[in-house]
$ cat upload21.txt   # compact mmCIF, C-alpha atoms
# COMPACT_ATOMS: atom_id res chain seq x y z
CA MET A 1 0.00 0.00 0.00
CA MET A 2 2.72 2.49 0.93
CA ARG A 3 5.33 0.86 -1.34
CA ILE A 4 5.06 3.70 -3.86
CA LEU A 5 5.87 6.18 -1.09
CA MET A 6 8.99 4.21 -0.14
CA ILE A 7 10.07 4.09 -3.79
CA VAL A 8 9.55 7.83 -4.13
CA VAL A 9 11.52 8.53 -0.93
CA LEU A 10 14.40 6.39 -2.21
CA LEU A 11 14.41 8.10 -5.61
CA VAL A 12 14.21 11.56 -4.02
CA ILE A 13 17.26 10.77 -1.89
CA VAL A 14 19.21 9.37 -4.85
CA ASP A 15 18.23 12.33 -7.04
CA PHE A 16 19.28 14.86 -4.41
CA PHE A 17 22.57 13.04 -3.88
CA THR A 18 23.37 12.80 -7.60
CA GLY A 19 22.40 16.45 -8.08
CA TYR A 20 24.63 17.46 -5.18
CA VAL A 21 27.58 15.48 -6.55
CA LYS A 22 27.03 16.99 -10.00
CA ALA A 23 26.96 20.52 -8.58
CA TYR A 24 30.04 19.84 -6.44
CA LEU A 25 32.10 18.40 -9.28
CA LYS A 26 31.09 21.23 -11.62
CA CYS A 27 31.86 23.83 -8.90
CA GLN A 28 28.23 25.00 -8.97
CA LEU A 29 27.23 24.40 -5.36
CA ASN A 30 24.63 26.92 -4.27
CA SER A 31 22.90 26.66 -0.91
CA SER A 32 19.83 28.53 -2.18
CA VAL A 33 19.39 26.11 -5.07
CA GLY A 34 19.91 23.13 -2.76
CA LEU A 35 17.42 24.46 -0.22
CA ASP A 36 14.89 25.10 -2.99
CA GLY A 37 15.29 21.50 -4.16
CA LEU A 38 14.87 20.15 -0.62
CA ILE A 39 11.73 22.23 -0.06
CA ARG A 40 10.19 21.09 -3.34
CA LYS A 41 10.96 17.45 -2.57
CA ALA A 42 9.55 17.80 0.94
CA MET A 43 6.36 19.27 -0.53
CA ILE A 44 6.07 16.35 -2.95
CA LEU A 45 6.27 13.89 -0.04
CA PHE A 46 3.84 15.99 2.02
CA SER A 47 1.40 16.07 -0.92
CA MET A 48 1.60 12.31 -1.24
CA LEU A 49 0.73 11.90 2.44
CA VAL A 50 -2.20 14.33 2.13
CA PHE A 51 -3.42 12.45 -0.94
CA LYS A 52 -3.18 9.18 0.99
CA LEU A 53 -5.35 10.63 3.75
CA LEU A 54 -7.88 11.78 1.14
CA ASP A 55 -7.83 8.35 -0.49
CA GLU A 56 -8.54 6.70 2.88
CA MET A 57 -11.26 9.16 3.88
CA LEU A 58 -13.06 9.12 0.53
CA GLY A 59 -12.39 5.50 -0.41
CA PHE A 60 -10.76 6.27 -3.77
CA ASN A 61 -9.74 3.28 -5.86
CA LEU A 62 -9.07 4.14 -9.47
CA LEU A 63 -7.42 0.84 -10.39
CA ASN A 64 -10.34 -0.31 -12.54
CA LEU A 65 -10.29 2.93 -14.55
CA LEU A 66 -6.66 2.58 -15.64
CA PRO A 67 -5.67 1.07 -18.98
CA SER A 68 -4.45 -2.52 -18.80
CA GLU A 69 -0.78 -1.42 -18.90
CA GLY A 70 -1.36 0.81 -15.89
CA MET A 71 -3.20 -1.94 -14.04
CA LEU A 72 -0.36 -4.38 -14.77
CA PHE A 73 2.27 -1.89 -13.57
CA PHE A 74 0.57 -1.37 -10.22
CA CYS A 75 -0.37 -5.03 -9.74
CA GLU A 76 3.24 -6.12 -10.31
CA MET A 77 4.24 -3.72 -7.53
CA GLY A 78 1.73 -5.36 -5.20
CA VAL A 79 -0.64 -2.39 -5.21
CA GLU A 80 -4.28 -3.35 -4.77
CA ASN A 81 -5.60 0.19 -4.50
CA VAL A 82 -4.76 3.07 -6.80
CA GLY A 83 -5.73 6.43 -5.47
CA LEU A 84 -4.47 9.95 -5.76
CA MET A 85 -1.26 9.11 -3.89
CA GLU A 86 -0.34 6.33 -6.30
CA ILE A 87 -1.09 8.49 -9.35
CA LEU A 88 1.09 11.31 -8.02
CA GLY A 89 3.72 8.76 -7.00
CA GLY A 90 3.86 7.29 -10.50
CA GLY A 91 4.50 10.71 -11.97
CA VAL A 92 7.15 11.47 -9.36
CA VAL A 93 8.89 8.15 -10.07
CA LEU A 94 9.12 9.07 -13.76
CA GLN A 95 10.36 12.60 -12.99
CA GLU A 96 12.91 11.56 -10.37
CA GLY A 97 14.16 8.67 -12.50
CA THR A 98 14.66 11.02 -15.44
CA SER A 99 16.46 13.52 -13.22
CA ILE A 100 18.77 10.82 -11.83
CA LEU A 101 19.63 9.63 -15.35
CA GLU A 102 20.25 13.23 -16.42
CA ASN A 103 22.57 13.82 -13.45
CA LEU A 104 24.48 10.61 -14.14
CA HIS A 105 24.75 11.44 -17.84
CA GLU A 106 26.13 14.92 -17.05
CA LEU A 107 28.63 13.33 -14.65
CA GLY A 108 29.95 11.21 -17.50
CA VAL A 109 28.49 7.92 -16.30
CA PRO A 110 27.84 5.82 -19.39
CA ILE A 111 24.16 5.22 -19.94
CA PRO A 112 22.47 3.53 -22.90
CA THR A 113 22.31 5.74 -26.00
CA VAL A 114 18.53 5.44 -26.21
CA LEU A 115 18.22 6.86 -22.68
CA ALA A 116 20.73 9.64 -23.39
CA ARG A 117 18.71 10.64 -26.47
CA ARG A 118 15.49 10.54 -24.46
CA ILE A 119 17.02 12.80 -21.80
CA GLU A 120 18.11 15.30 -24.45
CA ARG A 121 14.61 15.24 -25.95
CA ILE A 122 13.00 15.87 -22.56
CA LYS A 123 15.38 18.77 -21.96
CA GLU A 124 14.44 20.25 -25.35
CA VAL A 125 10.75 20.07 -24.47
CA PHE A 126 11.24 21.97 -21.21
CA LEU A 127 11.89 25.42 -22.64
CA ASP A 128 10.56 28.40 -20.76
CA GLU A 129 8.85 31.36 -22.43
CA ARG A 130 12.18 33.18 -22.93
CA GLY A 131 13.61 30.17 -24.75
CA ASP A 132 16.11 29.39 -21.99
CA LYS A 133 16.81 25.75 -21.31
CA TYR A 134 15.16 24.30 -18.25
CA GLU A 135 17.70 23.74 -15.51
CA SER A 136 17.09 21.43 -12.60
CA THR A 137 17.44 23.06 -9.19
CA ASP A 138 17.84 19.80 -7.33
CA GLY A 139 21.16 20.73 -5.80

$ encode --input "upload21.txt" --output "structure tokens"
Amino acid sequence: MMRILMIVVLLVIVDFFTGYVKAYLKCQLNSSVGLDGLIRKAMILFSMLVFKLLDEMLGFNLLNLLPSEGMLFFCEMGVENVGLMEILGGGVVLQEGTSILENLHELGVPIPTVLARRIERIKEVFLDERGDKYESTDG
């Protein structure tokens, strides 16, 4: 039931650590950026807990509304109930996993070419209104 929360916590820790190492090795450590990343990650975890409370109080179970691939994904993880917390958690897992791969790639850790291309594509998509590249503030 709370497995998705544990996975998210683990990925948040790994992402913060890899972001910190990347900033350190590139001489870009900034306490404001690191604090911003910690606050955002804490709010993600807080939101997941609030969503879990809402799921419990309102009896949400969206498992039957998901496409078969989504149902299979959650069932393989041992999740019998899919509520707001699990939906948010799934998105966070994708975001944190992408961020970890991006950090590793920028640190020079060899990753499969298909993943490196995907990371570059994601970075291209995240352009702000001024046309500046999106930059992670995860430390």

$ closest_residue --input "upload21.txt" --among "A:Val33, A:Leu62, A:Val12, A:Ala23" --to "Val79 in chain A" --atoms "all atoms listed in the file"
A:Leu62

$ residues_around --input "upload21.txt" --residues "Thr98 in chain A" --least-positions-apart "5" --cutoff "9 Å" --atoms "only C-alpha atoms" --output "tab-separated table (two decimals) with C-alpha atoms, keeping the file's coordinate frame"
chain	number	residue	atom	x	y	z
A	93	VAL	CA	8.89	8.15	-10.07
A	103	ASN	CA	22.57	13.82	-13.45
A	119	ILE	CA	17.02	12.80	-21.80
A	122	ILE	CA	13.00	15.87	-22.56

$ closest_residue --input "upload21.txt" --among "A:Arg3, A:Lys123, A:Lys26, A:Lys41" --to "Leu107 in chain A" --atoms "only C-alpha atoms"
A:Lys26

$ residues_around --input "upload21.txt" --residues "Gly90 in chain A" --least-positions-apart "5" --cutoff "9 Å" --atoms "only C-alpha atoms" --output "list in words"
Ile4, Val8, Met85 and Gln95 of chain A

$ closest_residue --input "upload21.txt" --among "A:Glu69, A:Glu96, A:Glu76, A:Glu56" --to "Gly37 in chain A" --atoms "all atoms listed in the file"
A:Glu96

$ residues_around --input "upload21.txt" --residues "Val9 in chain A" --least-positions-apart "6" --cutoff "12 Å" --atoms "all atoms listed in the file" --output "MDAnalysis selection string"
chainID A and resid 2:3 15:16 41:46 48:49 89 92:93 96:97

$ atom_distance --input "upload21.txt" --atom1 "CA of Gly70 in chain A" --atom2 "CA of His105 in chain A"
28.3 Å

$ atom_distance --input "upload21.txt" --atom1 "CA of Asp36 in chain A" --atom2 "CA of Ile13 in chain A"
14.6 Å

$ atom_distance --input "upload21.txt" --atom1 "CA of Leu25 in chain A" --atom2 "CA of Ile111 in chain A"
18.7 Å

$ closest_residue --input "upload21.txt" --among "A:Phe74, A:Ala116, A:Leu84, A:Ser31" --to "Ser99 in chain A" --atoms "only C-alpha atoms"
A:Ala116

$ residues_near_point --input "upload21.txt" --point "(20.4, 14.9, -4.5)" --cutoff "9 Å" --atoms "all atoms listed in the file" --output "PyMOL selection string"
chain A and resi 12-22+34+37-38+100+138-139

$ decode --input "upload21.txt" --residues "range 13-111 of chain A" --atoms "C-alpha atoms" --output "short mmCIF file (atom, residue, chain, number, x, y, z; two decimals), in the first residue's frame"
data_model
loop_
_atom_site.label_atom_id
_atom_site.label_comp_id
_atom_site.auth_asym_id
_atom_site.auth_seq_id
_atom_site.Cartn_x
_atom_site.Cartn_y
_atom_site.Cartn_z
CA ILE A 13 17.26 10.77 -1.89
CA VAL A 14 19.21 9.37 -4.85
CA ASP A 15 18.23 12.33 -7.04
CA PHE A 16 19.28 14.86 -4.41
CA PHE A 17 22.57 13.04 -3.88
CA THR A 18 23.37 12.80 -7.60
CA GLY A 19 22.40 16.45 -8.08
CA TYR A 20 24.63 17.46 -5.18
CA VAL A 21 27.58 15.48 -6.55
CA LYS A 22 27.03 16.99 -10.00
CA ALA A 23 26.96 20.52 -8.58
CA TYR A 24 30.04 19.84 -6.44
CA LEU A 25 32.10 18.40 -9.28
CA LYS A 26 31.09 21.23 -11.62
CA CYS A 27 31.86 23.83 -8.90
CA GLN A 28 28.23 25.00 -8.97
CA LEU A 29 27.23 24.40 -5.36
CA ASN A 30 24.63 26.92 -4.27
CA SER A 31 22.90 26.66 -0.91
CA SER A 32 19.83 28.53 -2.18
CA VAL A 33 19.39 26.11 -5.07
CA GLY A 34 19.91 23.13 -2.76
CA LEU A 35 17.42 24.46 -0.22
CA ASP A 36 14.89 25.10 -2.99
CA GLY A 37 15.29 21.50 -4.16
CA LEU A 38 14.87 20.15 -0.62
CA ILE A 39 11.73 22.23 -0.06
CA ARG A 40 10.19 21.09 -3.34
CA LYS A 41 10.96 17.45 -2.57
CA ALA A 42 9.55 17.80 0.94
CA MET A 43 6.36 19.27 -0.53
CA ILE A 44 6.07 16.35 -2.95
CA LEU A 45 6.27 13.89 -0.04
CA PHE A 46 3.84 15.99 2.02
CA SER A 47 1.40 16.07 -0.92
CA MET A 48 1.60 12.31 -1.24
CA LEU A 49 0.73 11.90 2.44
CA VAL A 50 -2.20 14.33 2.13
CA PHE A 51 -3.42 12.45 -0.94
CA LYS A 52 -3.18 9.18 0.99
CA LEU A 53 -5.35 10.63 3.75
CA LEU A 54 -7.88 11.78 1.14
CA ASP A 55 -7.83 8.35 -0.49
CA GLU A 56 -8.54 6.70 2.88
CA MET A 57 -11.26 9.16 3.88
CA LEU A 58 -13.06 9.12 0.53
CA GLY A 59 -12.39 5.50 -0.41
CA PHE A 60 -10.76 6.27 -3.77
CA ASN A 61 -9.74 3.28 -5.86
CA LEU A 62 -9.07 4.14 -9.47
CA LEU A 63 -7.42 0.84 -10.39
CA ASN A 64 -10.34 -0.31 -12.54
CA LEU A 65 -10.29 2.93 -14.55
CA LEU A 66 -6.66 2.58 -15.64
CA PRO A 67 -5.67 1.07 -18.98
CA SER A 68 -4.45 -2.52 -18.80
CA GLU A 69 -0.78 -1.42 -18.90
CA GLY A 70 -1.36 0.81 -15.89
CA MET A 71 -3.20 -1.94 -14.04
CA LEU A 72 -0.36 -4.38 -14.77
CA PHE A 73 2.27 -1.89 -13.57
CA PHE A 74 0.57 -1.37 -10.22
CA CYS A 75 -0.37 -5.03 -9.74
CA GLU A 76 3.24 -6.12 -10.31
CA MET A 77 4.24 -3.72 -7.53
CA GLY A 78 1.73 -5.36 -5.20
CA VAL A 79 -0.64 -2.39 -5.21
CA GLU A 80 -4.28 -3.35 -4.77
CA ASN A 81 -5.60 0.19 -4.50
CA VAL A 82 -4.76 3.07 -6.80
CA GLY A 83 -5.73 6.43 -5.47
CA LEU A 84 -4.47 9.95 -5.76
CA MET A 85 -1.26 9.11 -3.89
CA GLU A 86 -0.34 6.33 -6.30
CA ILE A 87 -1.09 8.49 -9.35
CA LEU A 88 1.09 11.31 -8.02
CA GLY A 89 3.72 8.76 -7.00
CA GLY A 90 3.86 7.29 -10.50
CA GLY A 91 4.50 10.71 -11.97
CA VAL A 92 7.15 11.47 -9.36
CA VAL A 93 8.89 8.15 -10.07
CA LEU A 94 9.12 9.07 -13.76
CA GLN A 95 10.36 12.60 -12.99
CA GLU A 96 12.91 11.56 -10.37
CA GLY A 97 14.16 8.67 -12.50
CA THR A 98 14.66 11.02 -15.44
CA SER A 99 16.46 13.52 -13.22
CA ILE A 100 18.77 10.82 -11.83
CA LEU A 101 19.63 9.63 -15.35
CA GLU A 102 20.25 13.23 -16.42
CA ASN A 103 22.57 13.82 -13.45
CA LEU A 104 24.48 10.61 -14.14
CA HIS A 105 24.75 11.44 -17.84
CA GLU A 106 26.13 14.92 -17.05
CA LEU A 107 28.63 13.33 -14.65
CA GLY A 108 29.95 11.21 -17.50
CA VAL A 109 28.49 7.92 -16.30
CA PRO A 110 27.84 5.82 -19.39
CA ILE A 111 24.16 5.22 -19.94
#
